[in-house]
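**Student:** Sharing entry.txt below, compact mmCIF, C-alpha atoms:
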# COMPACT_ATOMS: atom_id res chain seq x y z
CA MET A 1 19.71 9.45 10.67
CA GLN A 2 21.48 6.56 8.99
CA ASN A 3 21.68 5.86 5.29
CA THR A 4 18.93 3.77 3.79
CA ILE A 5 19.41 0.03 4.20
CA SER A 6 17.87 -2.73 2.15
CA CYS A 7 15.31 -5.09 3.60
CA GLU A 8 14.11 -8.64 3.11
CA ILE A 9 10.82 -10.13 4.30
CA ILE A 10 10.57 -13.72 5.56
CA SER A 11 7.07 -15.12 6.03
CA VAL A 12 6.98 -18.13 8.35
CA GLY A 13 4.27 -20.78 8.21
CA THR A 14 3.74 -24.16 6.58
CA GLU A 15 0.15 -23.11 5.84
CA LEU A 16 1.52 -20.47 3.46
CA LEU A 17 3.51 -23.06 1.53
CA LEU A 18 0.47 -25.32 1.29
CA GLY A 19 -1.69 -22.50 -0.01
CA ASP A 20 -4.14 -22.82 2.87
CA ILE A 21 -4.08 -19.05 3.37
CA THR A 22 -3.17 -16.13 1.13
CA ASN A 23 -0.09 -14.18 2.18
CA THR A 24 -1.33 -10.58 2.18
CA ASN A 25 1.19 -9.43 4.79
CA THR A 26 4.11 -9.13 2.39
CA ALA A 27 2.19 -6.86 0.00
CA TYR A 28 1.16 -4.61 2.88
CA LEU A 29 4.70 -4.45 4.32
CA ALA A 30 6.27 -3.77 0.93
CA ARG A 31 3.91 -0.82 0.40
CA ARG A 32 4.55 0.63 3.84
CA LEU A 33 8.32 0.20 3.56
CA ALA A 34 8.23 1.93 0.18
CA VAL A 35 6.67 4.96 1.89
CA LEU A 36 9.65 4.99 4.25
CA GLY A 37 12.02 4.76 1.31
CA ILE A 38 13.32 1.36 2.46
CA PRO A 39 13.77 -0.93 -0.57
CA VAL A 40 12.64 -4.56 -0.29
CA TYR A 41 14.95 -6.76 -2.35
CA ARG A 42 13.57 -10.21 -1.65
CA GLN A 43 10.58 -11.99 -0.12
CA THR A 44 10.85 -15.56 1.19
CA VAL A 45 8.36 -18.07 2.59
CA VAL A 46 9.62 -20.73 5.01
CA GLY A 47 7.69 -23.50 6.74
CA ASP A 48 7.65 -24.12 10.48
CA ASN A 49 11.14 -25.58 10.52
CA ALA A 50 13.96 -24.09 12.59
CA VAL A 51 16.77 -25.42 10.39
CA ARG A 52 15.32 -23.97 7.20
CA LEU A 53 14.42 -20.71 8.92
CA THR A 54 18.00 -20.34 10.21
CA GLN A 55 19.28 -20.96 6.69
CA ALA A 56 16.90 -18.30 5.35
CA LEU A 57 18.14 -15.83 7.96
CA GLU A 58 21.78 -16.48 7.07
CA GLU A 59 21.06 -15.94 3.39
CA ALA A 60 19.00 -12.80 4.02
CA TYR A 61 21.66 -11.18 6.21
CA GLY A 62 24.23 -11.98 3.55
CA ARG A 63 22.36 -9.48 1.33
CA SER A 64 20.52 -7.06 3.62
CA ALA A 65 20.91 -5.52 7.06
CA LEU A 66 17.18 -5.46 7.90
CA VAL A 67 15.01 -8.58 7.96
CA ILE A 68 11.31 -8.50 8.82
CA LEU A 69 9.72 -11.82 9.79
CA THR A 70 5.99 -12.48 10.02
CA GLY A 71 4.21 -15.35 11.73
CA GLY A 72 5.26 -18.04 14.16
CA LEU A 73 5.03 -15.98 17.37
CA GLY A 74 2.12 -17.84 18.98
CA PRO A 75 1.93 -20.20 21.99
CA THR A 76 2.10 -23.58 20.22
CA CYS A 77 5.10 -25.82 19.69
CA ASP A 78 5.22 -25.13 15.94
CA ASP A 79 5.55 -21.36 16.55
CA ILE A 80 9.32 -21.24 16.25
CA THR A 81 10.18 -17.81 14.81
CA LYS A 82 11.08 -15.99 18.01
CA GLU A 83 13.18 -18.83 19.41
CA THR A 84 15.00 -19.39 16.11
CA VAL A 85 15.86 -15.71 15.69
CA ALA A 86 17.05 -15.54 19.32
CA ASP A 87 19.33 -18.51 18.68
CA TYR A 88 20.64 -16.87 15.52
CA PHE A 89 21.65 -13.79 17.52
CA SER A 90 22.79 -15.94 20.52
CA LEU A 91 20.36 -14.16 22.82
CA PRO A 92 18.82 -15.93 25.84
CA MET A 93 15.06 -15.78 26.34
CA GLU A 94 13.67 -13.92 29.36
CA GLU A 95 10.15 -13.29 30.63
CA ASP A 96 8.93 -9.76 29.96
CA ALA A 97 6.73 -8.68 32.87
CA PRO A 98 4.68 -6.03 30.96
CA THR A 99 3.96 -8.58 28.22
CA ARG A 100 2.79 -11.18 30.73
CA LYS A 101 0.45 -8.69 32.38
CA ALA A 102 -0.91 -7.61 29.00
CA ILE A 103 -1.64 -11.22 28.00
CA GLU A 104 -3.23 -12.05 31.38
CA ASP A 105 -5.41 -8.93 31.10
CA TYR A 106 -6.37 -9.94 27.54
CA PHE A 107 -7.66 -13.33 28.70
CA HIS A 108 -9.32 -11.94 31.83
CA ALA A 109 -11.23 -9.30 29.84
CA ARG A 110 -12.66 -12.09 27.66
CA GLY A 111 -13.48 -14.41 30.53
CA ARG A 112 -10.97 -17.02 29.39
CA ALA A 113 -8.39 -18.92 31.42
CA PHE A 114 -4.71 -18.10 31.01
CA SER A 115 -3.37 -21.49 29.89
CA LYS A 116 0.19 -22.51 30.66
CA ASN A 117 1.33 -22.57 27.04
CA ASN A 118 0.75 -18.80 26.85
CA LEU A 119 3.81 -18.33 29.04
CA LYS A 120 5.77 -18.97 25.83
CA GLN A 121 4.47 -15.68 24.43
CA CYS A 122 5.80 -13.81 27.48
CA LEU A 123 9.40 -14.76 26.67
CA VAL A 124 11.48 -12.32 24.61
CA PRO A 125 15.15 -12.23 23.56
CA ARG A 126 17.31 -10.37 26.08
CA GLY A 127 17.70 -6.69 25.19
CA ALA A 128 15.04 -6.75 22.49
CA THR A 129 12.50 -3.99 21.91
CA VAL A 130 8.98 -5.25 22.60
CA PHE A 131 6.14 -4.05 20.36
CA ALA A 132 2.78 -4.24 22.13
CA ASN A 133 -0.03 -6.15 20.42
CA SER A 134 -3.23 -4.09 20.56
CA TRP A 135 -5.35 -6.77 18.90
CA GLY A 136 -3.98 -10.09 20.11
CA THR A 137 -1.55 -11.70 22.53
CA ALA A 138 1.81 -12.31 20.83
CA PRO A 139 4.04 -9.22 21.07
CA GLY A 140 6.30 -8.11 18.26
CA ILE A 141 10.07 -7.97 18.67
CA GLY A 142 12.80 -5.61 17.49
CA ILE A 143 16.46 -6.69 17.61
CA GLU A 144 19.62 -4.79 16.64
CA GLN A 145 23.07 -6.31 16.90
CA ASP A 146 26.34 -5.65 15.06
CA GLY A 147 24.71 -3.76 12.20
CA LYS A 148 21.93 -6.32 11.76
CA TYR A 149 18.30 -5.52 12.48
CA ALA A 150 15.34 -7.87 12.87
CA VAL A 151 11.64 -7.13 13.27
CA LEU A 152 9.30 -9.99 14.24
CA LEU A 153 5.59 -9.48 13.64
CA PRO A 154 2.53 -11.68 14.33
CA GLY A 155 0.93 -13.46 11.39
CA PRO A 156 -2.76 -12.39 11.64
CA PRO A 157 -3.02 -9.38 9.29
CA HIS A 158 -5.14 -7.23 11.62
CA GLU A 159 -2.59 -7.70 14.42
CA LEU A 160 0.39 -7.11 12.14
CA LYS A 161 -0.98 -3.93 10.58
CA SER A 162 -1.97 -2.36 13.89
CA MET A 163 1.42 -3.13 15.42
CA PHE A 164 3.34 -1.91 12.41
CA GLU A 165 1.49 1.41 12.24
CA GLU A 166 1.58 2.13 15.96
CA THR A 167 5.07 1.07 17.03
CA VAL A 168 7.21 -0.42 14.26
CA LEU A 169 7.06 2.53 11.87
CA PRO A 170 8.64 4.89 14.44
CA TRP A 171 11.29 2.25 15.20
CA LEU A 172 12.19 2.01 11.50
CA SER A 173 12.10 5.76 10.84
CA ARG A 174 15.86 6.01 11.48
CA PHE A 175 16.42 4.29 8.14
CA SER A 176 14.19 6.67 6.19
CA PRO A 177 16.11 9.51 4.52
CA SER A 178 13.19 10.20 2.19
CA THR A 179 9.55 9.35 1.53
CA LEU A 180 8.14 7.42 -1.39
CA TYR A 181 4.55 8.21 -2.38
CA SER A 182 2.46 6.76 -5.20
CA LEU A 183 -0.65 8.16 -6.86
CA ASN A 184 -2.76 5.81 -8.99
CA LEU A 185 -4.85 7.03 -11.90
CA HIS A 186 -7.59 4.62 -13.01
CA LEU A 187 -8.71 4.60 -16.63
CA ALA A 188 -11.54 2.82 -18.44
CA GLY A 189 -12.20 2.41 -22.15
CA ILE A 190 -8.56 2.35 -23.24
CA GLY A 191 -5.92 -0.38 -23.35
CA GLU A 192 -2.54 -0.50 -21.64
CA GLY A 193 -0.74 -0.41 -25.00
CA GLU A 194 -2.55 2.77 -26.05
CA VAL A 195 -1.72 4.42 -22.73
CA GLU A 196 1.94 3.47 -23.04
CA ALA A 197 2.12 4.82 -26.60
CA VAL A 198 0.76 8.22 -25.55
CA LEU A 199 2.86 8.49 -22.38
CA ARG A 200 6.06 6.82 -23.63
CA GLU A 201 8.03 10.08 -23.78
CA MET A 202 6.95 11.06 -20.27
CA MET A 203 7.73 7.56 -18.98
CA ASN A 204 11.22 7.54 -20.49
CA ALA A 205 12.03 11.02 -19.23
CA GLY A 206 10.55 10.55 -15.77
CA GLU A 207 13.09 9.55 -13.13
CA ASN A 208 11.36 11.31 -10.25
CA PRO A 209 8.46 10.90 -10.37
CA THR A 210 8.28 7.68 -12.37
CA ILE A 211 5.24 6.77 -14.47
CA ALA A 212 4.15 3.22 -15.26
CA PRO A 213 0.89 1.77 -16.67
CA TYR A 214 -0.55 -1.55 -15.50
CA ALA A 215 -3.37 -3.58 -17.02
CA GLY A 216 -6.01 -4.78 -14.57
CA GLU A 217 -9.32 -6.60 -14.70
CA GLY A 218 -11.65 -3.94 -15.99
CA ASP A 219 -9.34 -0.95 -16.18
CA VAL A 220 -5.83 0.37 -16.70
CA ARG A 221 -3.92 1.87 -13.78
CA ILE A 222 -1.17 4.47 -14.14
CA ARG A 223 1.11 4.54 -11.11
CA ILE A 224 2.98 7.79 -10.49
CA THR A 225 5.70 7.45 -7.82
CA ALA A 226 7.77 10.29 -6.37
CA ARG A 227 10.59 10.35 -3.83
CA ALA A 228 10.99 13.49 -1.72
CA GLU A 229 12.13 14.72 1.67
CA ASN A 230 8.59 14.47 3.01
CA GLU A 231 5.17 13.20 1.95
CA PRO A 232 3.56 16.59 1.18
CA ARG A 233 6.35 17.33 -1.30
CA ALA A 234 6.07 13.86 -2.85
CA ARG A 235 2.30 14.28 -3.18
CA GLN A 236 2.83 17.65 -4.87
CA MET A 237 5.22 16.10 -7.39
CA CYS A 238 2.76 13.30 -8.19
CA ALA A 239 -0.11 15.76 -8.57
CA ALA A 240 1.90 17.81 -11.07
CA ALA A 241 2.66 14.71 -13.15
CA ALA A 242 -0.99 13.64 -12.96
CA GLN A 243 -2.07 17.00 -14.31
CA GLU A 244 0.29 16.58 -17.27
CA ILE A 245 -1.27 13.19 -17.97
CA ARG A 246 -4.80 14.60 -17.72
CA GLU A 247 -3.88 17.11 -20.42
CA THR A 248 -2.92 14.35 -22.87
CA SER A 249 -5.34 12.34 -25.00
CA VAL A 250 -5.62 9.65 -22.29
CA GLY A 251 -6.91 12.16 -19.77
CA LYS A 252 -10.53 11.75 -20.83
CA TYR A 253 -10.40 8.07 -19.83
CA ILE A 254 -9.43 8.77 -16.20
CA TYR A 255 -12.34 8.14 -13.88
CA ALA A 256 -10.66 8.06 -10.44
CA SER A 257 -7.40 8.51 -8.55
CA THR A 258 -6.34 6.64 -5.39
CA ASP A 259 -3.44 6.34 -2.96
CA THR A 260 -3.51 2.54 -3.20
CA PRO A 261 -3.42 0.12 -6.15
CA GLU A 262 -6.98 -1.12 -5.67
CA ASP A 263 -8.76 -3.23 -8.27
CA ALA A 264 -11.15 -1.54 -10.64
CA ALA A 265 -14.31 -2.83 -8.97
CA ALA A 266 -13.44 -1.36 -5.56
CA VAL A 267 -12.52 1.99 -7.10
CA VAL A 268 -15.57 2.43 -9.31
CA GLU A 269 -18.01 1.40 -6.62
CA ARG A 270 -16.66 4.01 -4.23
CA THR A 271 -16.35 6.57 -7.02
CA LEU A 272 -19.99 6.11 -8.01
CA LEU A 273 -21.20 6.85 -4.48
CA SER A 274 -18.96 9.91 -4.31
CA VAL A 275 -19.87 11.36 -7.72
CA PHE A 276 -23.59 10.64 -7.42
CA GLY A 277 -23.65 11.91 -3.84
CA GLU A 278 -21.87 15.15 -4.69
CA ASN A 279 -24.33 15.82 -7.53
CA GLY A 280 -27.44 14.72 -5.63
CA LEU A 281 -28.15 11.97 -8.15
CA THR A 282 -29.84 8.60 -7.76
CA PHE A 283 -28.84 5.36 -9.47
CA GLY A 284 -30.57 2.24 -10.73
CA ALA A 285 -29.84 -0.75 -12.94
CA ALA A 286 -31.49 -3.20 -15.31
CA GLU A 287 -29.49 -6.42 -15.43
CA SER A 288 -29.70 -9.53 -17.53
CA CYS A 289 -26.45 -11.54 -17.62
CA THR A 290 -25.06 -9.94 -14.42
CA GLY A 291 -28.15 -11.01 -12.48
CA GLY A 292 -28.04 -8.24 -9.86
CA MET A 293 -24.26 -7.98 -9.40
CA VAL A 294 -24.20 -4.27 -10.27
CA CYS A 295 -26.63 -3.34 -7.51
CA ALA A 296 -25.04 -5.82 -5.10
CA GLN A 297 -21.64 -4.16 -5.52
CA ILE A 298 -23.08 -0.74 -4.75
CA ALA A 299 -25.29 -1.96 -1.90
CA ALA A 300 -22.25 -3.49 -0.17
CA LEU A 301 -20.84 -0.02 0.54
CA PRO A 302 -21.81 2.20 3.48
CA GLY A 303 -23.91 5.14 2.32
CA ALA A 304 -25.44 3.27 -0.63
CA SER A 305 -28.98 4.05 0.53
CA ALA A 306 -28.51 7.73 -0.34
CA VAL A 307 -27.81 6.90 -3.99
CA LEU A 308 -29.17 3.46 -4.95
CA ARG A 309 -32.86 3.37 -5.85
CA GLY A 310 -32.98 -0.27 -6.91
CA GLY A 311 -32.48 -2.74 -9.71
CA ILE A 312 -34.46 -4.97 -12.04
CA VAL A 313 -33.09 -8.41 -12.91
CA SER A 314 -34.54 -9.11 -16.35
CA TYR A 315 -33.14 -12.47 -17.36
CA ALA A 316 -36.26 -13.52 -19.24
CA ASN A 317 -37.39 -11.67 -22.34
CA GLY A 318 -40.85 -11.49 -20.80
CA VAL A 319 -39.45 -9.34 -18.00
CA LYS A 320 -37.62 -7.18 -20.50
CA THR A 321 -40.85 -6.48 -22.34
CA GLY A 322 -43.36 -6.59 -19.50
CA VAL A 323 -41.40 -4.63 -16.88
CA LEU A 324 -38.83 -2.56 -18.76
CA GLY A 325 -40.78 -1.85 -21.93
CA VAL A 326 -38.42 -3.46 -24.43
CA THR A 327 -40.38 -3.86 -27.67
CA GLU A 328 -40.99 -7.13 -29.43
CA GLU A 329 -39.67 -5.50 -32.59
CA VAL A 330 -36.25 -4.91 -31.01
CA LEU A 331 -36.12 -8.46 -29.65
CA ASN A 332 -37.10 -9.90 -33.04
CA THR A 333 -34.81 -7.75 -35.19
CA SER A 334 -31.81 -7.03 -32.97
CA GLY A 335 -32.09 -9.65 -30.25
CA ALA A 336 -31.90 -9.54 -26.48
CA VAL A 337 -28.11 -9.11 -26.67
CA SER A 338 -27.94 -5.86 -28.58
CA GLU A 339 -27.34 -2.19 -27.96
CA ALA A 340 -30.92 -1.47 -29.05
CA CYS A 341 -32.24 -3.78 -26.33
CA ALA A 342 -29.80 -2.38 -23.76
CA ALA A 343 -30.95 1.16 -24.57
CA GLN A 344 -34.60 0.33 -23.98
CA MET A 345 -33.73 -1.55 -20.80
CA ALA A 346 -31.90 1.49 -19.39
CA VAL A 347 -34.70 3.88 -20.31
CA GLY A 348 -37.22 1.52 -18.77
CA ALA A 349 -35.18 1.32 -15.56
CA VAL A 350 -35.11 5.11 -15.24
CA LYS A 351 -38.90 5.22 -15.57
CA ARG A 352 -39.67 2.21 -13.38
CA LEU A 353 -37.21 3.05 -10.61
CA GLY A 354 -37.61 6.82 -10.73
CA CYS A 355 -33.84 7.32 -10.70
CA ASP A 356 -31.73 10.00 -12.35
CA ILE A 357 -29.35 7.63 -14.11
CA ALA A 358 -29.67 3.92 -14.87
CA VAL A 359 -27.39 1.42 -16.55
CA SER A 360 -28.32 -1.80 -18.29
CA VAL A 361 -26.36 -4.96 -19.04
CA THR A 362 -27.33 -7.75 -21.42
CA GLY A 363 -24.96 -10.33 -22.78
CA ILE A 364 -23.72 -13.88 -23.18
CA ALA A 365 -21.61 -14.92 -20.19
CA GLY A 366 -21.30 -18.54 -21.33
CA PRO A 367 -20.16 -21.16 -21.37
CA ASP A 368 -23.09 -21.83 -23.72
CA GLY A 369 -25.36 -19.63 -25.80
CA GLY A 370 -22.85 -18.03 -28.15
CA THR A 371 -23.22 -17.82 -31.92
CA PRO A 372 -20.75 -16.89 -34.68
CA GLU A 373 -22.32 -13.42 -34.80
CA LYS A 374 -22.53 -13.05 -31.03
CA PRO A 375 -19.93 -15.29 -29.38
CA VAL A 376 -19.62 -15.90 -25.64
CA GLY A 377 -18.24 -12.74 -24.08
CA THR A 378 -20.43 -10.35 -26.07
CA VAL A 379 -22.02 -7.92 -23.62
CA CYS A 380 -24.02 -4.81 -24.47
CA PHE A 381 -24.44 -1.82 -22.16
CA ALA A 382 -26.49 1.34 -22.05
CA VAL A 383 -26.75 4.28 -19.68
CA ALA A 384 -29.83 6.47 -19.65
CA CYS A 385 -30.55 9.75 -17.90
CA SER A 386 -33.92 11.03 -16.76
CA GLU A 387 -35.77 13.66 -18.76
CA ASP A 388 -34.80 16.22 -16.12
CA LEU A 389 -31.16 15.55 -17.01
CA GLY A 390 -31.73 15.70 -20.74
CA GLY A 391 -32.88 12.15 -21.46
CA ARG A 392 -29.55 11.15 -22.96
CA VAL A 393 -28.96 7.47 -23.82
CA GLU A 394 -25.52 6.06 -24.66
CA THR A 395 -24.68 2.49 -25.64
CA CYS A 396 -21.59 0.36 -26.15
CA THR A 397 -20.56 -3.27 -26.55
CA GLU A 398 -17.69 -5.24 -25.04
CA HIS A 399 -16.29 -8.40 -26.60
CA TYR A 400 -14.59 -10.21 -23.73
CA ARG A 401 -12.12 -12.97 -24.50
CA SER A 402 -13.72 -16.39 -24.84
CA ALA A 403 -11.05 -17.77 -22.50
CA LEU A 404 -12.58 -15.85 -19.60
CA SER A 405 -14.86 -17.75 -17.25
CA ARG A 406 -18.55 -17.02 -16.82
CA GLU A 407 -17.82 -15.42 -13.45
CA GLN A 408 -15.07 -13.22 -14.87
CA ILE A 409 -17.29 -11.96 -17.68
CA ARG A 410 -20.09 -11.14 -15.24
CA ARG A 411 -17.70 -9.40 -12.83
CA LEU A 412 -16.03 -7.33 -15.57
CA SER A 413 -19.44 -6.43 -16.99
CA SER A 414 -20.64 -5.19 -13.59
CA THR A 415 -17.57 -3.00 -13.24
CA LYS A 416 -17.97 -1.66 -16.78
CA ALA A 417 -21.61 -0.77 -16.11
CA ILE A 418 -20.68 1.20 -13.00
CA GLN A 419 -17.92 3.00 -14.92
CA LEU A 420 -20.49 4.08 -17.52
CA ALA A 421 -22.76 5.41 -14.79
CA VAL A 422 -19.89 7.40 -13.26
CA ALA A 423 -19.04 8.91 -16.65
CA ALA A 424 -22.67 9.88 -17.19
CA ALA A 425 -22.90 11.49 -13.75
CA LYS A 426 -19.78 13.55 -14.43
CA LYS A 427 -21.44 14.91 -17.57
CA CYS A 428 -24.50 16.08 -15.70
CA GLY A 429 -23.24 19.62 -15.50
CA ALA A 430 -23.81 19.85 -19.26
CA PHE A 431 -27.39 18.61 -19.06
CA PRO A 432 -30.23 21.15 -18.82
CA ALA A 433 -31.67 21.43 -15.32
What's the structure tokens form of this structure?
**Tutor:**
Amino acid sequence: MQNTISCEIISVGTELLLGDITNTNTAYLARRLAVLGIPVYRQTVVGDNAVRLTQALEEAYGRSALVILTGGLGPTCDDITKETVADYFSLPMEEDAPTRKAIEDYFHARGRAFSKNNLKQCLVPRGATVFANSWGTAPGIGIEQDGKYAVLLPGPPHELKSMFEETVLPWLSRFSPSTLYSLNLHLAGIGEGEVEAVLREMMNAGENPTIAPYAGEGDVRIRITARAENEPRARQMCAAAAQEIRETSVGKYIYASTDTPEDAAAVVERTLLSVFGENGLTFGAAESCTGGMVCAQIAALPGASAVLRGGIVSYANGVKTGVLGVTEEVLNTSGAVSEACAAQMAVGAVKRLGCDIAVSVTGIAGPDGGTPEKPVGTVCFAVACSEDLGGRVETCTEHYRSALSREQIRRLSSTKAIQLAVAAAKKCGAFPA
């Protein structure tokens, strides 16, 4: 096993520079290389230009021994990555018989003709390692020469990820003296500054594992990262640090933990299904300003039918009163955007939908409709439990920044509502049966 070497990633494609597509490959590769303990020091994007790509290679190898390139391996004339890298290493191109057969079989299985330009994909630099493409046609390439290493991967993310997991990871394992593992704790109801203040001593003292908070849309994420001789040991180190954090005053705000830095919405949706499913609970929602987004987020996940009873979109006050049972008195004295209204909406949803727990959302998403007392971004929430679970009702209000768009306010409100439902479900053990 060699010592760890540094790595740079070069993404090839004019469409990336133009913003026509989002470059998700570099984020994926950086995460996977971190697991191997291979540091990525720089990421570069180059258009479909051989001169500029050669210059990028020269600069990258001036700093790092390993360069991973993505994109530009296809059959068209502007796919120049493989040929440019071969020229850089002064390697002639040769047809690889197994690759040609694999590509011919690929087209035959789909009833498509093997066009002449696909012969370009059958050519590989002499002496290179060929990484089979399980999901497409262009193979990946591995080159090692005079202490320099290159890995060439196809641009389509589903092809790149499959190839990297199946064949490239083992090829790179020689450079992995240790494993890096990260555990992410997701918190709601507390700000990044508050988290940092509580955990500052742990953060300053923690070299392995390290602890760092990040503010996201709808939650705060604490990333715990450990380096160890293997993943089980790294996981154990992260779990110990996580337990220390849970025992601090921020512990009560943790609603989920994940292996990946997902956004809050993805985490809470999956967490709701898990928590409700484990406790045999059903869920429903009464929505005004979110207009059905809460239920839509849950319904998008496999297994939602076991938990989701339904939702009531109550934009109009007449629906709030006629369907959910909100009283005219509450609407006249507190208004439709109030915790009192949200509470009655949630209780009404539990009764109408026959669910165990229901959340409600009512607010001003803008850009119009705000007042000095209730500006745009004011959103009220409630979560109600059935009588069998104690009939508890809890309310809260968020004051989102006026600079946020209507869509952002609605999205954050949907995530917040689901977080409240998860918290309520976790308390169910304390409710009388």
**Student:** Between CA of Ile141 in chain A and CA of Ala128 in chain A, what is the distance, to one decimal in Å?
**Tutor:**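 Answer for the CA of Ile141 in chain A to CA of Ala128 in chain A separation: 6.4 Å.
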**Student:** If we count only C-alpha atoms and set the cut-off at 12 Å, which residues sit around Arg221 in chain A, ignoring sequence neighbours fewer than 2 positions away in its own chain? Please answer as a PyMOL selection string.
**Tutor:** chain A and resi 182-193+195-196+211-219+223-224+250+253-264+267
**Student:** Can you pull out every residue within 9 Å of Ser413 in chain A, counting all atoms listed in the file, but drop anything in the same chain fewer than 3 positions away, and send it as a PDB file with C-alpha atoms, in the coordinates of the input?
**Tutor:**
ATOM      1  CA  GLY A 218     -11.650  -3.940 -15.990  1.00  0.00           C
ATOM      2  CA  CYS A 289     -26.450 -11.540 -17.620  1.00  0.00           C
ATOM      3  CA  THR A 290     -25.060  -9.940 -14.420  1.00  0.00           C
ATOM      4  CA  VAL A 294     -24.200  -4.270 -10.270  1.00  0.00           C
ATOM      5  CA  VAL A 361     -26.360  -4.960 -19.040  1.00  0.00           C
ATOM      6  CA  GLY A 363     -24.960 -10.330 -22.780  1.00  0.00           C
ATOM      7  CA  VAL A 379     -22.020  -7.920 -23.620  1.00  0.00           C
ATOM      8  CA  CYS A 380     -24.020  -4.810 -24.470  1.00  0.00           C
ATOM      9  CA  PHE A 381     -24.440  -1.820 -22.160  1.00  0.00           C
ATOM     10  CA  GLU A 398     -17.690  -5.240 -25.040  1.00  0.00           C
ATOM     11  CA  GLN A 408     -15.070 -13.220 -14.870  1.00  0.00           C
ATOM     12  CA  ILE A 409     -17.290 -11.960 -17.680  1.00  0.00           C
ATOM     13  CA  ARG A 410     -20.090 -11.140 -15.240  1.00  0.00           C
ATOM     14  CA  LYS A 416     -17.970  -1.660 -16.780  1.00  0.00           C
ATOM     15  CA  ALA A 417     -21.610  -0.770 -16.110  1.00  0.00           C
ATOM     16  CA  ILE A 418     -20.680   1.200 -13.000  1.00  0.00           C
TER      17      ILE A 418
END
**Student:** Suppose you want the space between CA of Ala56 in chain A and CA of Asp20 in chain A; what is it in Å?
**Tutor:**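 Distance between the two atoms: 21.7 Å.
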**Student:** Provide the CA of Val12 in chain A to CA of Val130 in chain A distance in Å, to one decimal place.
**Tutor:**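 Answer for the CA of Val12 in chain A to CA of Val130 in chain A separation: 19.3 Å.
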**Student:** Residues near Gly13 in chain A, anyone? I mean within 9 Å using all atoms listed in the file, not counting same-chain ones fewer than 3 positions away, as a PyMOL selection string.
**Tutor:** chain A and resi 16-17+45-49+70-72+78-79+155
**Student:** Within 12 Å of Pro170 in chain A, counting all atoms listed in the file, which residues show up once you throw out same-chain ones fewer than 6 positions away? Write them as a list in words, please.
**Tutor:** Leu33, Leu36, Phe131, Gly142, Met163, Phe164 and Ser176 of chain A
**Student:** Which of these residues is nearest to Ser386 in chain A, using all atoms listed in the file: A:Val67, A:Val359, A:Val319, A:Leu73?
**Tutor:** A:Val359
**Student:** Using only C-alpha atoms, determine which residues lie at most 12 Å from range 345-354 of chain A, disregarding the query and same-chain residues fewer than 6 positions distant; provide the list as a compact mmCIF listing (two decimals) with C-alpha atoms, in the coordinates of the input.
**Tutor:**
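Final file, result-v2.txt:
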# COMPACT_ATOMS: atom_id res chain seq x y z
CA LEU A 281 -28.15 11.97 -8.15
CA THR A 282 -29.84 8.60 -7.76
CA PHE A 283 -28.84 5.36 -9.47
CA GLY A 284 -30.57 2.24 -10.73
CA ALA A 285 -29.84 -0.75 -12.94
CA ALA A 286 -31.49 -3.20 -15.31
CA GLU A 287 -29.49 -6.42 -15.43
CA SER A 288 -29.70 -9.53 -17.53
CA VAL A 307 -27.81 6.90 -3.99
CA LEU A 308 -29.17 3.46 -4.95
CA ARG A 309 -32.86 3.37 -5.85
CA GLY A 310 -32.98 -0.27 -6.91
CA GLY A 311 -32.48 -2.74 -9.71
CA ILE A 312 -34.46 -4.97 -12.04
CA VAL A 313 -33.09 -8.41 -12.91
CA SER A 314 -34.54 -9.11 -16.35
CA TYR A 315 -33.14 -12.47 -17.36
CA ASN A 317 -37.39 -11.67 -22.34
CA VAL A 319 -39.45 -9.34 -18.00
CA LYS A 320 -37.62 -7.18 -20.50
CA THR A 321 -40.85 -6.48 -22.34
CA GLY A 322 -43.36 -6.59 -19.50
CA VAL A 323 -41.40 -4.63 -16.88
CA LEU A 324 -38.83 -2.56 -18.76
CA GLY A 325 -40.78 -1.85 -21.93
CA VAL A 326 -38.42 -3.46 -24.43
CA THR A 327 -40.38 -3.86 -27.67
CA VAL A 330 -36.25 -4.91 -31.01
CA LEU A 331 -36.12 -8.46 -29.65
CA ALA A 336 -31.90 -9.54 -26.48
CA VAL A 337 -28.11 -9.11 -26.67
CA SER A 338 -27.94 -5.86 -28.58
CA GLU A 339 -27.34 -2.19 -27.96
CA SER A 360 -28.32 -1.80 -18.29
CA VAL A 361 -26.36 -4.96 -19.04
CA THR A 362 -27.33 -7.75 -21.42
CA CYS A 380 -24.02 -4.81 -24.47
CA PHE A 381 -24.44 -1.82 -22.16
CA ALA A 382 -26.49 1.34 -22.05
CA VAL A 383 -26.75 4.28 -19.68
CA ALA A 384 -29.83 6.47 -19.65
CA CYS A 385 -30.55 9.75 -17.90
CA SER A 386 -33.92 11.03 -16.76
CA GLU A 387 -35.77 13.66 -18.76
CA ASP A 388 -34.80 16.22 -16.12
CA LEU A 389 -31.16 15.55 -17.01
CA GLY A 391 -32.88 12.15 -21.46
CA ARG A 392 -29.55 11.15 -22.96
CA VAL A 393 -28.96 7.47 -23.82
CA GLU A 394 -25.52 6.06 -24.66
CA THR A 395 -24.68 2.49 -25.64
CA ALA A 417 -21.61 -0.77 -16.11
CA LEU A 420 -20.49 4.08 -17.52
CA ALA A 421 -22.76 5.41 -14.79
**Student:** Find, counting all atoms listed in the file, the residue in A:Pro177, A:Gly251, A:Pro367, A:Gly377 that gets nearest to Val35 in chain A.
**Tutor:**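 Answer, going by the shortest atom-to-atom distance: A:Pro177.
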**Student:** In terms of the shortest atom-to-atom distance over all atoms listed in the file, which of A:Glu229, A:Ile9, A:Met93, A:Lys101 is closest to Glu59 in chain A?
**Tutor:**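 Ranking A:Glu229, A:Ile9, A:Met93, A:Lys101 by distance to Glu59 in chain A, first place goes to A:Ile9.
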